[in-house]
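Student: This is coords21.txt, which holds compact mmCIF, C-alpha atoms and all ligand atoms:
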# COMPACT_ATOMS: atom_id res chain seq x y z
CA MET O 166 -16.40 83.79 26.38
CA ASN O 167 -18.15 86.55 24.40
CA GLU O 168 -17.77 90.08 25.61
CA ARG O 169 -20.44 91.06 28.13
CA ARG O 170 -22.45 94.17 27.31
CA LYS O 171 -22.46 97.04 29.79
CA SER O 172 -24.51 100.22 29.65
CA GLU O 173 -24.30 103.70 31.11
CA ASN O 174 -28.07 103.54 31.44
CA VAL O 175 -28.86 102.18 34.91
CA LEU O 176 -32.00 100.34 33.88
CA LEU O 177 -30.38 98.67 30.86
CA ASN O 178 -27.29 97.78 32.85
CA THR O 179 -29.49 96.21 35.54
CA ALA O 180 -31.41 94.20 32.93
CA LEU O 181 -28.16 92.97 31.36
CA GLN O 182 -26.44 92.07 34.63
CA ASP O 183 -29.58 90.28 35.94
CA PHE O 184 -29.68 88.29 32.70
CA TYR O 185 -25.97 87.40 32.68
CA GLY O 186 -26.07 86.36 36.35
CA ALA O 187 -28.98 83.98 35.85
CA ALA O 188 -27.82 82.73 32.42
CA GLU O 189 -24.34 81.83 33.71
CA GLU O 190 -25.78 80.05 36.75
CA MET O 191 -28.08 78.04 34.48
CA GLY O 192 -25.19 77.06 32.22
CA LEU O 193 -26.70 78.65 29.11
CA SER O 194 -24.39 78.31 26.09
CA GLU O 195 -22.26 81.29 25.06
CA ASN O 196 -24.22 81.47 21.77
CA GLN O 197 -27.51 81.67 23.58
CA ILE O 198 -26.14 84.31 25.94
CA ALA O 199 -24.90 86.33 22.98
CA ILE O 200 -28.24 86.11 21.17
CA LEU O 201 -30.40 86.94 24.18
CA SER O 202 -28.27 89.80 25.50
CA ASN O 203 -28.82 91.73 22.25
CA SER O 204 -32.05 93.11 20.86
CA GLU O 205 -33.33 92.08 17.47
CA ARG O 206 -34.24 95.65 16.52
CA ARG O 207 -33.74 99.13 18.04
CA LEU O 208 -35.71 101.68 16.05
CA GLU O 209 -35.48 105.45 16.51
CA VAL O 210 -37.82 107.79 14.66
CA SER O 211 -38.36 111.54 14.58
CA VAL O 212 -41.88 112.74 15.28
CA PRO O 213 -42.63 116.24 13.91
CA VAL O 214 -45.71 117.77 15.56
CA GLU O 215 -47.50 121.01 14.78
CA MET O 216 -48.22 122.57 18.17
CA ASP O 217 -51.42 124.51 18.88
CA ASP O 218 -49.60 127.86 18.61
CA GLY O 219 -48.52 127.02 15.06
CA SER O 220 -44.91 126.22 15.93
CA LEU O 221 -43.30 122.88 15.03
CA ARG O 222 -41.57 120.57 17.47
CA VAL O 223 -39.72 117.39 16.61
CA PHE O 224 -39.89 114.68 19.27
CA LYS O 225 -37.88 111.45 19.37
CA GLY O 226 -39.74 108.16 19.30
CA TYR O 227 -38.52 104.60 19.84
CA ARG O 228 -39.57 100.99 19.45
CA VAL O 229 -37.29 98.18 20.56
CA GLN O 230 -37.98 94.53 19.82
CA HIS O 231 -35.77 92.52 22.12
CA SER O 232 -36.91 89.06 21.12
CA THR O 233 -39.46 87.33 18.91
CA ALA O 234 -38.20 83.84 19.75
CA LEU O 235 -41.50 82.82 21.37
CA GLY O 236 -43.89 84.90 19.25
CA PRO O 237 -44.65 88.51 18.27
CA SER O 238 -42.87 91.04 20.47
CA LYS O 239 -45.21 92.50 23.06
CA GLY O 240 -44.98 95.53 25.31
CA GLY O 241 -46.12 99.03 26.04
CA ILE O 242 -45.62 102.49 24.62
CA ARG O 243 -44.78 105.18 27.19
CA TYR O 244 -44.68 108.96 27.04
CA ALA O 245 -42.01 110.36 29.36
CA ALA O 246 -39.73 113.39 29.22
CA ASP O 247 -36.47 111.54 29.81
CA LEU O 248 -37.21 108.43 27.71
CA ASN O 249 -34.35 107.10 25.59
CA VAL O 250 -33.67 104.04 23.47
CA ASP O 251 -31.60 102.27 26.16
CA GLU O 252 -34.44 102.51 28.64
CA CYS O 253 -36.78 101.08 26.00
CA GLU O 254 -34.35 98.22 25.40
CA ALA O 255 -34.15 97.41 29.13
CA LEU O 256 -37.92 97.38 29.39
CA ALA O 257 -38.22 95.32 26.19
CA MET O 258 -35.90 92.67 27.69
CA LEU O 259 -38.02 92.65 30.82
CA MET O 260 -41.09 92.05 28.64
CA THR O 261 -39.39 89.02 27.05
CA TRP O 262 -38.96 87.46 30.49
CA LYS O 263 -42.41 88.57 31.63
CA CYS O 264 -44.20 86.96 28.67
CA SER O 265 -42.06 83.84 28.90
CA LEU O 266 -42.70 83.40 32.63
CA ALA O 267 -46.41 84.03 32.13
CA GLY O 268 -46.53 81.20 29.58
CA ILE O 269 -48.00 83.35 26.82
CA PRO O 270 -46.89 83.19 23.15
CA TYR O 271 -44.95 86.45 22.92
CA GLY O 272 -41.48 87.93 22.89
CA GLY O 273 -40.67 91.33 24.34
CA GLY O 274 -40.83 94.89 23.05
CA LYS O 275 -41.17 98.43 24.38
CA GLY O 276 -41.25 101.93 22.97
CA GLY O 277 -42.50 105.42 23.36
CA ILE O 278 -41.88 109.10 22.83
CA ALA O 279 -39.59 111.44 24.76
CA CYS O 280 -42.11 114.16 25.59
CA ASN O 281 -43.91 115.74 28.52
CA PRO O 282 -47.53 114.72 27.92
CA PHE O 283 -48.76 116.84 30.85
CA SER O 284 -47.80 120.05 29.10
CA MET O 285 -49.53 119.11 25.83
CA SER O 286 -53.13 119.56 24.71
CA LYS O 287 -55.24 116.59 23.60
CA ARG O 288 -55.01 117.71 19.95
CA GLU O 289 -51.21 117.94 20.18
CA LYS O 290 -51.05 114.46 21.72
CA GLU O 291 -53.28 113.09 18.97
CA ARG O 292 -51.10 114.54 16.20
CA MET O 293 -47.98 113.23 17.95
CA SER O 294 -49.41 109.72 18.49
CA ARG O 295 -50.58 109.44 14.88
CA THR O 296 -47.26 110.58 13.39
CA PHE O 297 -45.39 108.21 15.70
CA ALA O 298 -47.74 105.38 14.65
CA ALA O 299 -47.09 106.07 10.97
CA ARG O 300 -43.32 106.05 11.51
CA ILE O 301 -43.18 102.74 13.42
CA SER O 302 -45.97 101.06 11.43
CA PRO O 303 -43.78 98.89 9.16
CA ASN O 304 -42.79 96.87 12.23
CA ILE O 305 -46.19 96.72 13.95
CA GLY O 306 -48.76 93.98 13.42
CA ARG O 307 -50.69 91.17 15.09
CA TRP O 308 -48.07 88.59 14.12
CA SER O 309 -44.98 90.83 14.43
CA ASP O 310 -45.10 93.40 17.26
CA VAL O 311 -48.14 94.21 19.41
CA PRO O 312 -47.91 97.42 21.51
CA ALA O 313 -50.05 98.34 24.53
CA PRO O 314 -50.37 101.20 27.04
CA ASP O 315 -47.57 101.94 29.48
CA MET O 316 -46.60 104.95 31.58
CA ASN O 317 -48.75 108.01 30.69
CA THR O 318 -50.60 106.31 27.84
CA GLY O 319 -53.97 104.57 27.82
CA GLY O 320 -56.93 103.55 25.70
CA GLN O 321 -57.16 106.88 23.84
CA GLU O 322 -53.55 106.72 22.61
CA MET O 323 -54.06 103.08 21.57
CA VAL O 324 -57.08 104.05 19.46
CA TRP O 325 -55.17 106.86 17.72
CA ILE O 326 -52.31 104.49 16.90
CA MET O 327 -54.51 101.61 15.77
CA ASP O 328 -56.71 103.93 13.71
CA THR O 329 -53.71 105.46 11.94
CA ILE O 330 -52.11 102.13 11.05
CA SER O 331 -55.46 100.60 10.08
CA LYS O 332 -56.15 103.53 7.72
CA MET O 333 -52.68 103.18 6.19
CA ARG O 334 -53.40 99.48 5.53
CA GLY O 335 -56.95 100.05 4.31
CA GLN O 336 -58.55 97.73 6.85
CA ILE O 337 -59.27 97.57 10.57
CA GLU O 338 -56.58 95.63 12.40
CA PRO O 339 -57.66 95.45 16.04
CA ALA O 340 -55.23 92.74 17.17
CA GLN O 341 -52.15 94.84 16.26
CA LEU O 342 -52.37 96.54 19.64
CA THR O 343 -53.97 95.90 23.05
CA GLY O 344 -55.25 97.93 26.00
CA LYS O 345 -57.96 99.48 23.84
CA PRO O 346 -61.17 100.87 25.40
CA ILE O 347 -64.03 98.37 25.77
CA SER O 348 -66.10 100.52 23.41
CA TYR O 349 -63.55 99.95 20.64
CA TRP O 350 -62.29 96.34 20.48
CA GLY O 351 -60.96 96.32 24.05
CA ALA O 352 -61.39 93.44 26.51
CA ARG O 353 -63.44 93.47 29.67
CA GLY O 354 -61.12 93.29 32.67
CA ARG O 355 -58.02 94.73 30.90
CA ASN O 356 -58.10 98.08 32.73
CA GLU O 357 -57.87 96.57 36.20
CA ALA O 358 -55.68 93.60 35.25
CA SER O 359 -52.21 94.88 36.27
CA GLY O 360 -53.47 95.97 39.69
CA LEU O 361 -55.51 92.81 40.17
CA GLY O 362 -52.42 90.74 39.30
CA ALA O 363 -50.14 92.65 41.69
CA ALA O 364 -52.68 92.42 44.52
CA THR O 365 -53.09 88.70 43.82
CA CYS O 366 -49.32 88.15 44.05
CA GLY O 367 -49.34 89.91 47.42
CA LEU O 368 -52.26 87.79 48.63
CA GLU O 369 -50.63 84.57 47.37
CA LEU O 370 -47.47 85.48 49.27
CA MET O 371 -49.51 86.05 52.42
CA LYS O 372 -51.08 82.62 51.88
CA ALA O 373 -47.69 80.96 51.37
CA LEU O 374 -46.44 82.55 54.59
CA GLY O 375 -49.60 81.65 56.52
CA LYS O 376 -50.50 85.30 57.11
CA ASP O 377 -54.05 86.61 57.41
CA PRO O 378 -54.65 89.51 54.94
CA ALA O 379 -56.89 91.18 57.55
CA LYS O 380 -53.85 91.59 59.79
CA MET O 381 -51.59 93.00 57.06
CA ARG O 382 -50.79 96.70 56.66
CA VAL O 383 -49.88 97.70 53.12
CA ALA O 384 -48.36 100.81 51.55
CA ILE O 385 -48.70 101.54 47.84
CA GLN O 386 -46.50 103.96 45.92
CA GLY O 387 -48.24 105.46 42.88
CA PHE O 388 -51.97 105.85 42.32
CA GLY O 389 -52.05 105.42 38.53
CA ASN O 390 -53.52 102.44 36.73
CA VAL O 391 -51.43 99.83 38.60
CA GLY O 392 -51.35 101.35 42.11
CA SER O 393 -54.99 102.38 42.32
CA PHE O 394 -56.37 98.96 41.40
CA THR O 395 -53.78 97.20 43.56
CA ALA O 396 -55.11 99.26 46.49
CA LYS O 397 -58.70 98.49 45.57
CA HIS O 398 -58.19 94.72 45.39
CA LEU O 399 -56.03 94.51 48.52
CA SER O 400 -58.55 96.54 50.46
CA SER O 401 -61.44 94.34 49.31
CA ALA O 402 -59.44 91.28 50.39
CA GLY O 403 -59.38 92.76 53.91
CA ALA O 404 -55.87 94.27 54.09
CA THR O 405 -55.41 97.67 55.72
CA VAL O 406 -54.06 100.21 53.23
CA VAL O 407 -52.07 102.51 55.53
CA ALA O 408 -50.42 104.66 52.85
CA ILE O 409 -50.86 105.61 49.21
CA SER O 410 -49.06 108.24 47.18
CA ASP O 411 -49.04 110.13 43.91
CA SER O 412 -46.35 112.39 42.45
CA LEU O 413 -47.35 115.19 44.85
CA ALA O 414 -47.91 113.59 48.27
CA THR O 415 -48.17 110.54 50.49
CA TYR O 416 -51.48 110.03 52.31
CA TYR O 417 -50.87 108.15 55.53
CA SER O 418 -53.26 106.74 58.10
CA PRO O 419 -52.24 103.87 60.44
CA LYS O 420 -55.95 103.06 60.87
CA GLY O 421 -56.44 102.58 57.14
CA ILE O 422 -57.37 104.71 54.13
CA ASP O 423 -60.81 104.72 52.52
CA VAL O 424 -59.70 103.57 49.06
CA ASN O 425 -63.02 104.51 47.41
CA MET O 426 -62.58 108.07 48.65
CA ALA O 427 -59.03 108.10 47.25
CA PHE O 428 -60.38 106.99 43.85
CA GLU O 429 -62.97 109.79 43.86
CA ARG O 430 -60.55 112.51 44.89
CA LEU O 431 -57.37 111.51 43.05
CA CYS O 432 -58.14 109.48 39.92
CA GLY O 433 -58.55 111.29 36.63
CA ARG O 434 -57.66 114.66 38.25
CA SER O 435 -55.08 117.07 36.89
CA ARG O 436 -51.96 117.91 38.85
CA LYS O 437 -53.44 121.28 39.75
CA GLU O 438 -56.67 119.71 41.06
CA ARG O 439 -54.70 117.17 43.13
CA GLU O 440 -52.58 119.86 44.81
CA GLY O 441 -55.28 120.84 47.29
CA VAL O 442 -56.66 117.33 47.91
CA THR O 443 -56.97 115.90 51.44
CA LEU O 444 -58.25 112.46 52.46
CA ASP O 445 -60.28 112.23 55.68
CA GLY O 446 -58.22 110.90 58.58
CA CYS O 447 -54.94 111.02 56.63
CA GLU O 448 -51.73 112.84 57.33
CA LYS O 449 -50.20 114.36 54.17
CA LEU O 450 -46.47 113.65 53.79
CA GLY O 451 -43.86 114.10 51.04
CA PRO O 452 -44.33 111.92 47.91
CA SER O 453 -41.48 109.48 48.64
CA ASP O 454 -42.33 109.04 52.34
CA VAL O 455 -44.69 106.22 51.32
CA LEU O 456 -41.60 104.01 50.90
CA PHE O 457 -40.59 104.34 54.54
CA VAL O 458 -43.85 104.11 56.53
CA ASP O 459 -44.41 101.42 59.11
CA CYS O 460 -46.12 98.56 57.23
CA ASP O 461 -45.84 94.85 56.39
CA PHE O 462 -46.10 94.97 52.57
CA LEU O 463 -44.81 97.66 50.25
CA PHE O 464 -46.02 97.86 46.62
CA PRO O 465 -43.85 100.25 44.56
CA CYS O 466 -46.19 100.89 41.61
CA ALA O 467 -44.79 104.15 40.20
CA VAL O 468 -41.45 104.49 38.40
CA GLN O 469 -38.12 102.68 38.15
CA GLY O 470 -35.18 103.01 40.52
CA VAL O 471 -37.01 104.32 43.60
CA LEU O 472 -35.44 101.79 45.99
CA ASN O 473 -31.71 102.31 45.66
CA ARG O 474 -28.52 102.61 47.71
CA ASP O 475 -29.90 105.66 49.57
CA THR O 476 -33.53 104.71 50.07
CA ALA O 477 -33.45 100.91 50.55
CA PRO O 478 -31.92 101.02 54.08
CA LYS O 479 -34.90 103.09 55.29
CA VAL O 480 -37.61 100.60 54.22
CA LYS O 481 -39.58 99.13 57.14
CA ALA O 482 -41.69 96.65 55.14
CA LYS O 483 -40.69 92.98 55.32
CA TYR O 484 -42.24 92.14 51.93
CA ILE O 485 -42.11 94.03 48.64
CA VAL O 486 -44.25 93.36 45.58
CA GLU O 487 -42.91 95.22 42.51
CA GLY O 488 -45.94 96.67 40.71
CA ALA O 489 -43.77 99.01 38.61
CA ASN O 490 -41.11 97.87 36.16
CA GLY O 491 -37.63 98.00 37.76
CA PRO O 492 -38.44 99.93 40.97
CA ILE O 493 -35.39 98.44 42.77
CA THR O 494 -31.81 99.02 41.60
CA PRO O 495 -29.22 96.20 42.00
CA GLU O 496 -27.70 98.06 45.01
CA GLY O 497 -31.14 98.43 46.54
CA ASP O 498 -31.87 94.76 45.85
CA ALA O 499 -28.68 93.64 47.64
CA ILE O 500 -29.43 95.84 50.67
CA LEU O 501 -33.01 94.58 50.92
CA ASN O 502 -32.01 90.92 50.43
CA ASP O 503 -29.37 91.25 53.17
CA ALA O 504 -32.01 92.74 55.46
CA GLY O 505 -34.16 89.66 54.85
CA VAL O 506 -36.85 91.48 52.85
CA LEU O 507 -38.73 89.13 50.54
CA ILE O 508 -39.32 90.56 47.06
CA VAL O 509 -41.83 89.45 44.41
CA PRO O 510 -40.13 90.58 41.16
CA ASP O 511 -41.78 92.93 38.66
CA PHE O 512 -42.00 90.51 35.76
CA LEU O 513 -44.14 88.19 37.89
CA ALA O 514 -45.92 90.81 40.02
CA ASN O 515 -47.12 93.08 37.22
CA SER O 516 -47.69 90.41 34.58
CA GLY O 517 -51.48 90.76 34.96
CA GLY O 518 -51.45 93.56 32.36
CA VAL O 519 -49.78 91.63 29.60
CA ILE O 520 -51.65 88.40 30.38
CA SER O 521 -54.84 90.38 29.96
CA SER O 522 -53.42 91.84 26.73
CA TYR O 523 -52.98 88.29 25.49
CA PHE O 524 -56.66 87.63 26.22
CA GLU O 525 -57.62 90.80 24.33
CA TRP O 526 -55.47 89.79 21.33
CA ALA O 527 -56.98 86.29 21.30
CA GLN O 528 -60.50 87.76 21.44
CA ASN O 529 -59.68 90.24 18.64
CA LEU O 530 -58.23 87.51 16.40
CA GLN O 531 -61.38 85.48 16.91
CA GLY O 532 -63.79 88.43 16.84
CA PHE O 533 -65.51 86.91 19.87
CA PHE O 534 -65.61 88.60 23.28
CA TRP O 535 -65.55 87.14 26.77
CA THR O 536 -67.35 88.32 29.90
CA GLU O 537 -65.41 90.02 32.69
CA GLU O 538 -65.94 86.92 34.87
CA GLU O 539 -64.38 84.66 32.22
CA HIS O 540 -61.48 87.09 31.87
CA ASN O 541 -60.80 87.39 35.60
CA GLU O 542 -61.13 83.68 36.24
CA ARG O 543 -58.53 82.87 33.56
CA LEU O 544 -56.27 85.71 34.72
CA LEU O 545 -56.31 84.68 38.37
CA ARG O 546 -55.70 81.04 37.50
CA LEU O 547 -52.57 81.92 35.49
CA ILE O 548 -51.20 84.40 38.04
CA ARG O 549 -51.67 81.95 40.92
CA GLU O 550 -50.05 79.09 38.97
CA ASN O 551 -47.11 81.29 37.96
CA PHE O 552 -46.67 82.59 41.50
CA LYS O 553 -46.66 79.05 42.87
CA ARG O 554 -44.12 77.86 40.28
CA VAL O 555 -41.70 80.65 41.21
CA TRP O 556 -42.34 80.34 44.95
CA ASP O 557 -41.78 76.56 44.92
CA GLN O 558 -38.55 76.92 42.90
CA SER O 559 -37.21 79.65 45.17
CA GLN O 560 -37.92 77.49 48.22
CA ALA O 561 -36.42 74.35 46.65
CA LYS O 562 -33.26 76.12 45.43
CA LYS O 563 -33.02 78.51 48.38
CA ALA O 564 -32.89 81.31 45.83
CA THR O 565 -34.56 84.71 45.74
CA MET O 566 -37.88 84.82 43.89
CA ARG O 567 -36.22 87.14 41.35
CA ARG O 568 -33.52 84.59 40.52
CA ALA O 569 -36.02 81.70 40.42
CA ALA O 570 -38.27 83.71 38.08
CA TYR O 571 -35.34 84.62 35.80
CA VAL O 572 -34.22 81.02 35.51
CA ALA O 573 -37.71 79.79 34.54
CA ALA O 574 -38.28 82.67 32.12
CA ILE O 575 -34.89 82.51 30.40
CA GLN O 576 -35.09 78.72 30.01
CA ARG O 577 -38.31 78.88 27.98
CA VAL O 578 -36.86 81.49 25.60
CA ALA O 579 -33.52 79.65 25.33
CA ASP O 580 -35.38 76.43 24.42
CA ALA O 581 -37.17 78.28 21.61
CA VAL O 582 -33.86 79.75 20.38
CA GLU O 583 -32.35 76.26 20.41
CA LEU O 584 -35.26 74.82 18.43
CA ARG O 585 -35.28 77.60 15.87
CA GLY O 586 -31.51 77.99 15.47
CA ASN O 587 -29.65 81.18 14.76
CA PHE O 588 -31.79 82.33 11.83
CA LEU O 589 -34.30 84.13 14.05
N1 LIG D 601 -47.11 98.08 29.82
C1 LIG D 601 -47.49 96.86 30.47
C2 LIG D 601 -46.26 96.14 31.00
O1 LIG D 601 -45.21 96.72 31.17
C3 LIG D 601 -48.36 96.00 29.58
C4 LIG D 601 -47.71 95.53 28.33
C5 LIG D 601 -48.65 94.81 27.38
O2 LIG D 601 -49.79 94.57 27.73
O3 LIG D 601 -48.21 94.49 26.27
O4 LIG D 601 -46.33 94.99 31.33
Would you give me this structure, written as structure tokens?
Tutor:
Amino acid sequence: MNERRKSENVLLNTALQDFYGAAEEMGLSENQIAILSNSERRLEVSVPVEMDDGSLRVFKGYRVQHSTALGPSKGGIRYAADLNVDECEALAMLMTWKCSLAGIPYGGGKGGIACNPFSMSKREKERMSRTFAARISPNIGRWSDVPAPDMNTGGQEMVWIMDTISKMRGQIEPAQLTGKPISYWGARGRNEASGLGAATCGLELMKALGKDPAKMRVAIQGFGNVGSFTAKHLSSAGATVVAISDSLATYYSPKGIDVNMAFERLCGRSRKEREGVTLDGCEKLGPSDVLFVDCDFLFPCAVQGVLNRDTAPKVKAKYIVEGANGPITPEGDAILNDAGVLIVPDFLANSGGVISSYFEWAQNLQGFFWTEEEHNERLLRLIRENFKRVWDQSQAKKATMRRAAYVAAIQRVADAVELRGNFL
């Protein structure tokens, strides 16, 4: 047996142990386990940036390509103060399984810059994004590695990166990167896709359990791109959103929150502006209290590791849909499973974003754009099919949805590795 990798980084260690557990149960060969537990490329770059006051700071940037067995590596670029290469590797592995499970022709990648974007001006962020783009550009391209937005990045950052690499290559290359604004080669529907996908997974679970959405109370942690649109789509399906949160507070109302009001008062506002915000009829609690309110469904849509050994025992929800990547640690997962909580895993629940990215890439390659209706119809069809596949397997094998999803996802990648051999 080959040596099993371990990591000090909690997220990477979780990704590795989840993979080994599923791979061993499936009877994957030792060669396949060895190939898939290592990343094809871990790139670290320095990113010198001239700050507005004339000083120079050097940030660290990363891009990890875990696998290209099924196609170009695919995954976001995040800006976060404590980002490191191990975290990028963990998230890149997760993208490999996410794309495989979704049935789209990609491997997995992830990257970003260790920085605090909230303390930087727009000009500083532009200079940083462009220098980062130039440094990682040899590995980026429509048939090699296709980045997208992730935590604290969005359409604007994607345009800076695409524009820089396109200029370096002397031609526009829109399909090298997804999540672009609609006004510049983006796809209709992409912005709401992660939230629409997470909400749809929640609604499909309600359907599978024979529960009426109108009788379900949901709590959503995080009101960024994923959480806000998850709330919007659950609320329009009739569910009662009893709690939402951002990094400053939880807004709680057992009678239900007016999600449109929350959009108006919270979205696109600075931290300072959000400090004084109130929502009519809502009690304002501490930011992590959202995890423990009385509700049926909990959607953690913020950061990794929030449900752990300390917090998991306090959860009242019976169902959890992971909108964020890695919101539950292995200890948290064991506690919740023992308590009979049913969990829809991240790489199924938040796959709406990357499925939509695939649609954007396909449209860019063809230079032909779809309507939002065409986009949403195709997205919902895929998410519902994928949910059903995982649900049916978990029922048939009496396994958790996470394990059933891992087995399906790993098998597709392992088959590609087998076909292509070791020269990958
Ligand atoms: N950052 C998103 C994710 O973690 C989207 C990735 C993509 O579209 O490539 O799934």
Student: Using only C-alpha atoms, tabulate the residues of segment 463-557 of chain O lying at most 12 Å from any atom of segment 381-384 of chain O, each with its closest atom pair and that distance in Å to one decimal, by chain and increasing residue number, as a tab-separated table.
Tutor:
residue	atom	partner	partner_atom	distance
O:Leu463	CA	O:Ala384	CA	4.9
O:Phe464	CA	O:Ala384	CA	6.2
O:Pro465	CA	O:Ala384	CA	8.3
O:Cys466	CA	O:Ala384	CA	10.2
O:Val480	CA	O:Ala384	CA	11.1
O:Lys481	CA	O:Ala384	CA	10.5
O:Ala482	CA	O:Val383	CA	8.5
O:Lys483	CA	O:Val383	CA	10.6
O:Tyr484	CA	O:Val383	CA	9.5
O:Ile485	CA	O:Ala384	CA	9.7
O:Val486	CA	O:Val383	CA	10.4
O:Glu487	CA	O:Ala384	CA	11.9
O:Gly488	CA	O:Ala384	CA	11.9
Student: Which residues are close to segment 544-546 of chain O, i.e. within 8 Å by only C-alpha atoms, leaving aside same-chain residues fewer than 3 positions away? Reply as a list in words.
Tutor: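 Final neighbour list, sorted by chain and number: Ala358, Gly362, Thr365, Gly517, Ile520, Ser521, His540, Asn541, Arg549 and Glu550 of chain O.
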Student: Those residues with C-alpha atoms, as a JSON list (two decimals), in the coordinates of the input please?
Tutor:
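As a result, result-v8.json now contains:
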[["chain", "number", "residue", "atom", "x", "y", "z"],
["O", 358, "ALA", "CA", -55.68, 93.60, 35.25],
["O", 362, "GLY", "CA", -52.42, 90.74, 39.30],
["O", 365, "THR", "CA", -53.09, 88.70, 43.82],
["O", 517, "GLY", "CA", -51.48, 90.76, 34.96],
["O", 520, "ILE", "CA", -51.65, 88.40, 30.38],
["O", 521, "SER", "CA", -54.84, 90.38, 29.96],
["O", 540, "HIS", "CA", -61.48, 87.09, 31.87],
["O", 541, "ASN", "CA", -60.80, 87.39, 35.60],
["O", 549, "ARG", "CA", -51.67, 81.95, 40.92],
["O", 550, "GLU", "CA", -50.05, 79.09, 38.97]]
Student: Output the neighbourhood of ligand LIG 601 (chain D) as a list in words, that is, all protein and nucleic acid residues with some atom at most 7 Å from the ligand, counting all atoms listed in the file.
Tutor: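 If we count all atoms listed in the file, the neighbours of ligand LIG 601 (chain D) turn out to be Lys239, Gly240, Gly241, Ile242, Met260, Val311, Pro312, Ala313, Pro314, Asp315, Thr343, Gly344, Asn490, Asn515, Ser516, Gly518, Val519, Ile520, Ser521 and Ser522 of chain O.
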Student: Which residues are near segment 262-270 of chain O? Cut-off 6 Å, all atoms listed in the file, ignore same chain within fewer than 5 positions. Put them as a list in words.
Tutor: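 In the requested form, the answer reads Leu235, Gly236, Phe512 and Ala574 of chain O.
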Student: Which is closest to Ser393 of chain O among O:Ile305, O:Met327, O:Ile493, O:Ala467, if we use only C-alpha atoms?
Tutor: O:Ala467
Student: Restricting the calculation to all atoms listed in the file, which member of O:Ser202, O:Glu338, O:Val582, O:Cys366 is positioned closest to Ala187 of chain O?
Tutor: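 Answer, going by the shortest atom-to-atom distance: O:Ser202.
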